[in-house]
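J.: Please read through the structure below; I'll follow up with questions.
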Protein chains: 2
Amino acid sequence: MSDQMETAPETGPEFDPTASSLTGEVDPAVMEELLGIRSSIDNFDATLVYLLAERFKATQRVGYLKARHKLPPSDPGREAEQIQRLHRLAREAHLDPVFAEKFLNFIIDEVIRHHQAISESHANGEVAAPAAAHQSRQS
Amino acid sequence: MSDQMETAPETGPEFDPTASSLTGEVDPAVMEELLGIRSSIDNFDATLVYLLAERFKATQRVGYLKARHKLPPSDPGREAEQIQRLHRLAREAHLDPVFAEKFLNFIIDEVIRHHQAISESHANGEVAAPAAAHQSRQS
């Protein structure tokens, strides 16, 4: 909680949801419609950030588990299932399956990068910094 | 709905949440702990897919609005605010702010790519394919 207090709240005064380089150059009715949609996009983005943070907490636990038990970072059988499922979910959600896979790979690349840090810090007997909140692999 | 019926349901028989190349090579108790965490990751991924699909629906509406009123695709004032807010949200969520910005840029790259298609199809008087469910810019 104290960490949250150290930073401005999500809807803090620093953020202006109406900020736009188009202000004054666009029909007010059009601008109002644009800002209405952007307000939804802002809500989706806040949800995405908190959801990703939780996902990385889970992959961090996987990373520590694998490091503790000296398990290989990669699990091809798991990853193949994840990708197949993601394609199906994307089709159900009317999201481009190709983009969905690119998205998963984007996240995997990040967690692999951080998982290497976990393995190394574990090998060195170090305690990983809590700040590194999304260390470890995705699977 | 019919589209959803054409594809296997999210928890369809095709997906095996226990699939792993580690099966049989790991202490059963460790495997059980791993599968428990993976089950949460699978839920987060399903949520991410549906959430991204909604976000892209919103950016698609922005794309059509901008194309209809011949507004510039880019809005630097908006984007600066979004990035600043995203950094703040990431700190609150204990998510690496650098990753959060990389994530936003990853999505922006995708929507820019698709927004160009919207502008072109609009310029050609075409109706964009509904299948292209995440056309348009992010802002």
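Every chain in the structure tokens takes a letter, A first, then B, and so on in the order presented; its residues are numbered from 1, and the ligands are numbered from 1 following the presented order.
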Identify all chain A residues at most 6 Å from chain B by counting only C-alpha atoms; ligands do not count. Present them as an mmCIF file with N, CA, C and O atoms, in the first residue's frame.
T.:
data_model
loop_
_atom_site.group_PDB
_atom_site.id
_atom_site.type_symbol
_atom_site.label_atom_id
_atom_site.label_comp_id
_atom_site.auth_asym_id
_atom_site.auth_seq_id
_atom_site.Cartn_x
_atom_site.Cartn_y
_atom_site.Cartn_z
ATOM 1 N N GLN A 4 1.967 2.120 -3.322
ATOM 2 C CA GLN A 4 0.946 2.819 -4.107
ATOM 3 C C GLN A 4 0.909 4.296 -3.742
ATOM 4 O O GLN A 4 0.724 5.155 -4.586
ATOM 5 N N GLU A 10 -4.079 6.076 -10.053
ATOM 6 C CA GLU A 10 -4.379 5.857 -11.470
ATOM 7 C C GLU A 10 -5.079 7.060 -12.099
ATOM 8 O O GLU A 10 -4.785 7.459 -13.212
ATOM 9 N N ALA A 19 -6.449 15.093 -23.107
ATOM 10 C CA ALA A 19 -5.275 15.619 -23.813
ATOM 11 C C ALA A 19 -5.298 15.148 -25.264
ATOM 12 O O ALA A 19 -5.519 13.968 -25.543
ATOM 13 N N SER A 20 -5.110 16.078 -26.178
ATOM 14 C CA SER A 20 -5.100 15.747 -27.603
ATOM 15 C C SER A 20 -4.504 16.876 -28.407
ATOM 16 O O SER A 20 -4.743 18.052 -28.121
ATOM 17 N N SER A 21 -3.711 16.496 -29.418
ATOM 18 C CA SER A 21 -3.159 17.502 -30.324
ATOM 19 C C SER A 21 -4.219 17.971 -31.313
ATOM 20 O O SER A 21 -3.985 18.883 -32.100
ATOM 21 N N ILE A 41 -10.730 2.942 -23.744
ATOM 22 C CA ILE A 41 -9.371 2.444 -23.996
ATOM 23 C C ILE A 41 -8.513 2.624 -22.740
ATOM 24 O O ILE A 41 -7.759 1.729 -22.347
ATOM 25 N N TYR A 50 -2.739 -4.221 -14.726
ATOM 26 C CA TYR A 50 -2.885 -4.987 -13.481
ATOM 27 C C TYR A 50 -2.941 -6.490 -13.750
ATOM 28 O O TYR A 50 -2.425 -7.298 -12.969
ATOM 29 N N ALA A 53 0.519 -7.704 -14.504
ATOM 30 C CA ALA A 53 1.300 -7.762 -13.271
ATOM 31 C C ALA A 53 1.007 -9.069 -12.526
ATOM 32 O O ALA A 53 1.919 -9.719 -12.006
ATOM 33 N N ARG A 55 -0.104 -11.852 -13.944
ATOM 34 C CA ARG A 55 0.434 -12.967 -14.738
ATOM 35 C C ARG A 55 1.932 -13.138 -14.459
ATOM 36 O O ARG A 55 2.421 -14.246 -14.304
ATOM 37 N N ASP A 75 9.578 -25.786 -21.635
ATOM 38 C CA ASP A 75 8.667 -26.933 -21.559
ATOM 39 C C ASP A 75 7.876 -26.976 -22.865
ATOM 40 O O ASP A 75 6.727 -26.507 -22.933
ATOM 41 N N GLY A 77 6.219 -29.127 -24.520
ATOM 42 C CA GLY A 77 4.881 -29.728 -24.517
ATOM 43 C C GLY A 77 3.836 -28.750 -24.016
ATOM 44 O O GLY A 77 2.746 -28.622 -24.582
ATOM 45 N N ARG A 78 4.188 -28.027 -22.963
ATOM 46 C CA ARG A 78 3.287 -27.009 -22.402
ATOM 47 C C ARG A 78 3.079 -25.874 -23.400
ATOM 48 O O ARG A 78 1.953 -25.431 -23.641
ATOM 49 N N LEU A 89 -8.832 -19.381 -28.499
ATOM 50 C CA LEU A 89 -9.419 -18.286 -27.721
ATOM 51 C C LEU A 89 -9.538 -17.030 -28.577
ATOM 52 O O LEU A 89 -10.541 -16.319 -28.524
ATOM 53 N N GLU A 92 -12.429 -17.202 -30.880
ATOM 54 C CA GLU A 92 -13.675 -16.997 -30.127
ATOM 55 C C GLU A 92 -13.891 -15.517 -29.822
ATOM 56 O O GLU A 92 -15.014 -15.025 -29.831
ATOM 57 N N ALA A 93 -12.799 -14.815 -29.542
ATOM 58 C CA ALA A 93 -12.894 -13.405 -29.150
ATOM 59 C C ALA A 93 -12.860 -12.464 -30.350
ATOM 60 O O ALA A 93 -12.913 -11.251 -30.188
ATOM 61 N N LEU A 95 -10.343 -11.960 -32.191
ATOM 62 C CA LEU A 95 -9.033 -11.317 -32.184
ATOM 63 C C LEU A 95 -8.178 -12.065 -33.207
ATOM 64 O O LEU A 95 -8.258 -13.297 -33.289
#
J.: Apply DSSP to the backbone of this structure and, from chain A, keep only the residues in helix (DSSP H, G or I); write these as an NGL selection string.
T.: :A and (2-6 or 28-68 or 76-93 or 97-123)
J.: State, in Å with one decimal place, the distance from CA of His114 (chain A) to CA of Glu101 (chain A).
T.: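 Between CA of His114 (chain A) and CA of Glu101 (chain A) the gap is 20.0 Å.
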